[in-house]
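J.: Got a structure for you, written out below as structure tokens; questions coming shortly.
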Amino acid sequence: MKKKKAIIVCVLLYGLLTCFFYVRNVVFAKERTLIQHIVEEERIESRDARSILRAFYTAPPVVPHEIEMQDTQDCLRCHLNVTRLDDGRVAKETPHPQFSSCLQCHVPGANNEFNTNGTSWEGLEEPKRGDRWATMAPPMIPHRIKLRENCLSCHGSQNPDMRLRTTHPERTSCLQCHVPNYNNEFELDQE
Amino acid sequence: MLEKNMDRREFLKLSAKMAALGALTLSGGISTLAYAFDDESVGLKWHKAPCRFCGTGCGVLVGVRDGRVVAVQGDRHAPVNKGLLCAKGYHAGAALYGKDRLRHPMIRRNGKLQQASWDEAIDLISDKIIADSKNFAIYGSGQWTIPEGYTAMKFLKGGLGSNEIDPNARLCMASAVVGFVTTFGVDEPSGCYDDLDECDTVICWGNNWAEMHPILFSRFIDRKQFGHKVKMIDIATRRTRTTEAADYYLEFQPQTDMAIINGICYLLLKRGTYDKDFVKHKVRFKSNDNATITMEEYQSFLNDYTPEKVSKLSGVSIEHLNLLANLFSDPKEKIVSLWCMGFNQHTRGTAVNNLIYNLHLLSGKIGKPGSTAFSLTGQPAACGTCREVGTLAHALPGGRVVKDEEHRKDTEKIWNLKPGTINPKPGHHTVAMFKALMSGKLTGMWVQVTNPGQTMPNLHDNFRNNKQFLVVSDVYPTKTTELADVILPSAMWVEKDGLYGNSERRTHQWFKMINPPGEARDDKWQIIAVARRMYEKGFEGMKDKDGKFLLAIKDEKGNEIEAWKWEVYRSKNIDKPLFEDYRKFTTKKHKDLAPYEEYVKHRGLRWPVVQDSLGQWKETPRRFVEGEDPYVPKGAGIAFYMDKGKENRANIFARPYEAPPEIPDKEYPFWLCTGRVLEHWHSGTMTRRVKQLYNANPHAYVELNPDDAKKMGVYTNDKLKIVSRRGEMILPVSLDGRGTPQKGSVFVPFFDETKLINLVTLDAYCPLSKEPDYKKCAVRLEKV
Ligand code: SF4
């Protein structure tokens with residue numbers, strides 16, 4: 001008799017648990033996916049806004065504003081740290097302060113005379129969000145790290161683009177949890 | 001089983017997760033498992049190549065997906081650039097995809113260019129050449145790959161029995177070549193880029209390397225970021241981005257660079273602070289006309305160059321002259337001198353190249369880590385192809401010359417030619433070649449990989465009046481194709497196999513990665529196909545000693561490859577047999593190259609590349625230096641072993657200052673200097689078809705000194721007409737832009753095909769190197 005009771009309790013418990021997990025996994029997950037989806041769309045938007053400045057993913061972005069002076073020191077005056085200008089614009093911090101000849105890679109791009117129909121160039125797209133192993137796992141770094149050694153220049157709490165900010169700027173050893181997934185930073189494939 | 005059912009994508013995803021897990025649990029750094037789950041990167045492959053543009057020769061990785069180039073990045077294993085590129089290098093891939101790429105051969109009929117087949121075009125060209133083969137010229141380029149230049153050379157010098165071949169490199173580094181050959185007995189820099197990592201001081205002689213060789217500039221200037229105590233001295237006629245980063249700026253009057261260097265040598269000798277031991281054992285003195293002189297005679301020649309006199313002539317203060325003399329007097333100071341077009345495009349180009357070596361030889365600042373006189377090159381294979389293969393009117397491969405009977409015999413032997421085939425009379429050098437074409441002395445020309453219609457000096461006289469048969473192989477329509485009778489569409493950069501050789505003697509190899517568009521084909525295939533057609537038509541020159549096809553290419557088994565058939569050519573790597581054939585030439589002047597396979601493995605190797613006792617191929621960072629260069633005898637330390645006097649010495653020449661041929665006067669009161677900008681490569685044919693580069697610098701302009709502008713009452717964007725004795729051009733004014741020329745001089749970049757400044761420039765050239773001076777002529781400015 002006792003045995004029977006125990007079995008019934010077990011079955012009931014199992015049923016309850018199944019229901020619980022069902023609700024948790026399916027119903028909540030659906031909602032979560034929905035939320036994630038919205039966030040994802042926003043991120044793609046922000047990614048597109050950034051990628052406009054590049055010919056392709058591994059290219060240096062062009063300078064989106066007029067440059068009057070042509071001196072590196074002038075670039076660093078605003079871009080060595082995050083600088084808020086009077087007109088509300090925010091100058092981002094350079095992710096690679098070890099290089100000092102800015103204008104050799106970043107060319108002025110405020111001019112817009114080029115007739116885009118004149119080229120059939122289609123560059124490599126920016127990567128999407130970093131994947132996670134499981135919900136609670138830290139997302140992987142979806143982009144390469146070369147020339148982006150200073151993570152906080154984009155993901156720090158100073159970035160005007162909220163969508164890129166980290167939720168935990170106090171943890172400074174980023175690579176300890178977030179691993180890059182384009183390993184070897186795109187290496188030679190030729191044997 | 002599990003893995004079998006998984007597609008690649010899922011497998012990659014899984015392995016990444018494992019990697020993540022591993023990283024988490026071991027709190028490890030960067031995992032080494034490959035991972036790529038983004039759709040974009042699936043199917044993406046990275047291949048190595050040198051950059052298509054300047055002579056720095058950066059290593060790039062080219063990302064290819066679905067038969068198209070989609071990305072370029074700096075190769076961090078490339079010793080030249082260590083992962084960094086300049087804006088041109090990053091956008092090199094986009095330069096392949098301009099909508100107006102030439103896709104089909106065109107032939108001019110009744111004054112109009114019409115699409116034609118390859119067969120028609122080849123037939124027409126071969127007929128025209130056969131009709132007057134001795135007066136048919138090839139005008140090539142420092143952007144030819146090594147096998148391309150070699151093929152063109154063999155075709156012309158071995159097949160047509162003349163020497164009418166010259167490259168655009170004549171306009172770019174001919175003075176450097178003659179400078180090297182006269183001073184050291186052999187061409188090309190003995191130092192290397194590593195010297196920039198070790199020097200204390202860099203002196204830029206009329207050289208704006210911040211824009212022209214950006215990667216070398218940053219390689220040096222970034223050392224400051226790491227706390228190295230380095231300084232840069234900019235000696236120039238125009239303030240540039242280089243000046244911004246320099247510790248000293250010495251402004252001099254055009255052409256007086258010669259006097260400045262003699263002035264420093266004067267101070268070294270007068271103070272007795274030259275390197276006495278070095279001078280005693282490693283150098284000899286020569287007069288201006290190449291007679292050996294004593295040191296005393298040289299010293300008395302220098303008496304004309306007292307600081308007072310030099311300062312008055314050049315505008316450089318005595319204090320600054322002393323500063324330079326002090327640096328060269330200090331035995332501990334490691335100095336690199338850099339120059340490029342400032343010295344080379346000079347009506348005394350050879351002399352001023354000699355002079356800079358004088359200075360480094362007297363002070364012993366050469367052949368030591370961190371001390372060298374380094375001549376930079378403009379084009380990616382100006383060294384590899386033009387100088388080493390020798391696609392010049394007077395040269396034969398591997399440092400040989402047509403005038404030398406032994407050299408001709410060598411070449412005839414390797415090419416299996418009938419004795420006496422190679423003509424001992426040098427052909428026309430570039431300016432003379434175009435003049436001969438204009439006058440009808442040459443009856444036809446084939447232009448490959450260059451754009452003389454925009455880049456020849458004094459364009460009216462040297463290009464525009466052409467009435468002769470003109471074939472142009474190019475990738476886009478240019479100012480040159482406008483006058484062409486036949487246009488051949490070419491493959492470009494990674495659309496073909498290739499090898500380039502950069503400024504520091506480094507030879508790079510790459511494989512074809514994508515197909516050229518439309519019917520475009522490799523430049524060297526075009527030459528092989530024309531040669532074959534001539535052979536089939538019975539043209540004697542296209543037969544070797546045994547009556548076989550001159551440009552026959554054999555595979556490893558010794559079977560002939562029918563390379564003139566495009567279907568065969570495109571399926572094979574022709575570079576390897578051609579390179580192996582060319583290699584035979586390279587040992588004579590100790591410019592030894594390794595087998596092709598070595599270059600496939602490496603990110604370039606610096607010649608001489610010689611096998612060591614273990615059979616390893618070893619490159620030479622610094623030439624003439626014991627322990628680095630295998631040809632230096634043991635115990636010699638530094639030996640200039642290519643010395644023509646067979647004493648292992650270098651020559652110090654007593655070269656006087658000489659005034660330029662055209663100096664501003666009342667009627668034409670301004671100096672005109674022309675040059676490049678960072679974003680554009682030479683005539684802009686490629687870079688102006690890239691959105692980012694175009695927008696960065698869309699049009700040419702004229703830079704003025706603000707004082708002159710004020711006097712004339714002109715402001716930025718006002719229009720000025722620049723008039724010389726040869727032509728005129730209207731340009732918008734740029735003040736306080738990228739550069740500021742000194743008072744009394746103006747600067748115009750030449751990249752813009754809508755504003756041809758070369759209609760204005762002068763075609764006077766150095767009497768020894770025959771390189772014209774694009775940096776100095778007299779102009780008048782008129783407001784419009
Ligand atoms: S420095 Fe020269 S070789 Fe290097 S990326 Fe720029 S253009 Fe190319």
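We name chains A, B, ... following the order of the structure tokens; residues begin at 1 in each chain, and ligands are numbered from 1 as shown.
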Taking only C-alpha atoms and all ligand atoms into account, which residues have an atom no farther than 10 Å from ligand 1? I'd like them as an MDAnalysis selection string.
T.: (chainID A and resid 104:105) or (chainID B and resid 50:60 73:74 80:81 83:92 209:218 378:380 502 678:681)
J.: Taking only C-alpha atoms into account and nothing else, which residues of chain A lie no more than 7 Å away from chain B? Please answer as a ChimeraX atom specification.
T.: /A:56,58-59,70-71,98-101,104-109,111-114,116,118-125,127-128,133,175-177,179-183,187-190
J.: Taking only C-alpha atoms into account, which of B:Asp752, B:Glu562, B:Glu598, B:Asp665 comes nearest B:Lys576?
T.: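 Going through B:Asp752, B:Glu562, B:Glu598, B:Asp665 one by one, the smallest distance to B:Lys576 is for B:Glu598.
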J.: I'd like the interatomic distance between atom CA of B:Asp612 and atom CA of B:Trp510, to a tenth of an Å.
T.: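 So the two atoms, atom CA of B:Asp612 and atom CA of B:Trp510, lie 25.1 Å apart.
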J.: What's the separation between atom CA of B:Glu198 and atom CA of B:Pro369, in Å to one decimal place?
T.: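 That distance, rounded to one decimal, is 6.5 Å.
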J.: Per DSSP on the backbone, filter stretch 33-208 of chain B down to the residues in helix (DSSP H, G or I) and report them as a PyMOL selection string.
T.: chain B and resi 39-41+87-90+94-96+118-131+133-135+146-160+168-171+174-184+194-198
J.: Neighbours of A:His79 within 9 Å (only C-alpha atoms; same-chain residues fewer than 2 positions away dropped), as JSON, numbers by chain?
T.: {"A": [74, 75, 76, 77, 81, 82, 83, 91, 92, 93, 94]}
J.: Please produce an output containing N, CA, C and O atoms for each residue in the selection, written as a PDB file, in the first residue's frame.
T.:
```
ATOM      1  N   ASP A  74      46.338  65.936 -33.157  1.00  0.00           N
ATOM      2  CA  ASP A  74      44.993  66.497 -33.168  1.00  0.00           C
ATOM      3  C   ASP A  74      43.933  65.414 -33.053  1.00  0.00           C
ATOM      4  O   ASP A  74      42.899  65.610 -32.438  1.00  0.00           O
ATOM      5  N   CYS A  75      44.184  64.271 -33.662  1.00  0.00           N
ATOM      6  CA  CYS A  75      43.227  63.166 -33.559  1.00  0.00           C
ATOM      7  C   CYS A  75      43.127  62.731 -32.106  1.00  0.00           C
ATOM      8  O   CYS A  75      42.046  62.525 -31.568  1.00  0.00           O
ATOM      9  N   LEU A  76      44.315  62.589 -31.491  1.00  0.00           N
ATOM     10  CA  LEU A  76      44.338  62.022 -30.144  1.00  0.00           C
ATOM     11  C   LEU A  76      43.778  62.987 -29.099  1.00  0.00           C
ATOM     12  O   LEU A  76      43.380  62.574 -28.026  1.00  0.00           O
ATOM     13  N   ARG A  77      43.754  64.247 -29.440  1.00  0.00           N
ATOM     14  CA  ARG A  77      43.217  65.208 -28.491  1.00  0.00           C
ATOM     15  C   ARG A  77      41.797  64.790 -28.092  1.00  0.00           C
ATOM     16  O   ARG A  77      41.382  64.904 -26.959  1.00  0.00           O
ATOM     17  N   ASN A  81      40.910  59.505 -25.167  1.00  0.00           N
ATOM     18  CA  ASN A  81      39.871  59.075 -24.233  1.00  0.00           C
ATOM     19  C   ASN A  81      38.538  59.495 -24.832  1.00  0.00           C
ATOM     20  O   ASN A  81      38.503  60.210 -25.814  1.00  0.00           O
ATOM     21  N   VAL A  82      37.466  59.038 -24.223  1.00  0.00           N
ATOM     22  CA  VAL A  82      36.159  59.466 -24.712  1.00  0.00           C
ATOM     23  C   VAL A  82      36.012  60.961 -24.434  1.00  0.00           C
ATOM     24  O   VAL A  82      36.324  61.431 -23.351  1.00  0.00           O
ATOM     25  N   THR A  83      35.600  61.697 -25.463  1.00  0.00           N
ATOM     26  CA  THR A  83      35.465  63.146 -25.286  1.00  0.00           C
ATOM     27  C   THR A  83      34.066  63.582 -25.708  1.00  0.00           C
ATOM     28  O   THR A  83      33.595  63.200 -26.777  1.00  0.00           O
ATOM     29  N   ALA A  91      33.203  61.751 -29.084  1.00  0.00           N
ATOM     30  CA  ALA A  91      34.334  61.157 -29.796  1.00  0.00           C
ATOM     31  C   ALA A  91      34.737  59.885 -29.069  1.00  0.00           C
ATOM     32  O   ALA A  91      34.980  59.902 -27.867  1.00  0.00           O
ATOM     33  N   LYS A  92      34.803  58.785 -29.829  1.00  0.00           N
ATOM     34  CA  LYS A  92      35.132  57.512 -29.194  1.00  0.00           C
ATOM     35  C   LYS A  92      36.624  57.400 -28.918  1.00  0.00           C
ATOM     36  O   LYS A  92      37.443  58.048 -29.540  1.00  0.00           O
ATOM     37  N   GLU A  93      36.905  56.517 -27.981  1.00  0.00           N
ATOM     38  CA  GLU A  93      38.294  56.290 -27.590  1.00  0.00           C
ATOM     39  C   GLU A  93      38.918  55.302 -28.569  1.00  0.00           C
ATOM     40  O   GLU A  93      38.264  54.364 -28.998  1.00  0.00           O
ATOM     41  N   THR A  94      40.183  55.515 -28.921  1.00  0.00           N
ATOM     42  CA  THR A  94      40.823  54.581 -29.862  1.00  0.00           C
ATOM     43  C   THR A  94      40.997  53.208 -29.211  1.00  0.00           C
ATOM     44  O   THR A  94      41.427  53.120 -28.064  1.00  0.00           O
TER      45      THR A  94
END
```
J.: Enumerate, as a list of chain:residue names, the complete set of residues in stretch 142-285 of chain B that a backbone-based DSSP assignment places in strand (DSSP E or B).
T.: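 Here is the list: B:Ile165, B:Asp166, B:Pro167, B:Thr201, B:Val202, B:Ile203, B:Cys204, B:Trp205, B:Lys231, B:Met232, B:Ile233, B:Asp234, B:Ile235, B:Ala236, B:Arg238, B:Arg239, B:Tyr248, B:Tyr249, B:Leu250, B:Glu251, B:Val283, B:Arg284, B:Phe285.
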J.: Show which residues sit within 10 Å of B:Lys584, as a count of residues only. Count only C-alpha atoms, and ignore same-chain residues fewer than 3 positions away.
T.: 11
J.: Using only C-alpha atoms, which residues sit within 6 Å of stretch 772-783 of chain B once same-chain residues fewer than 5 positions away are excluded, as an MDAnalysis selection string?
T.: chainID B and resid 345:347 662:664 668:674 720:724 763:765
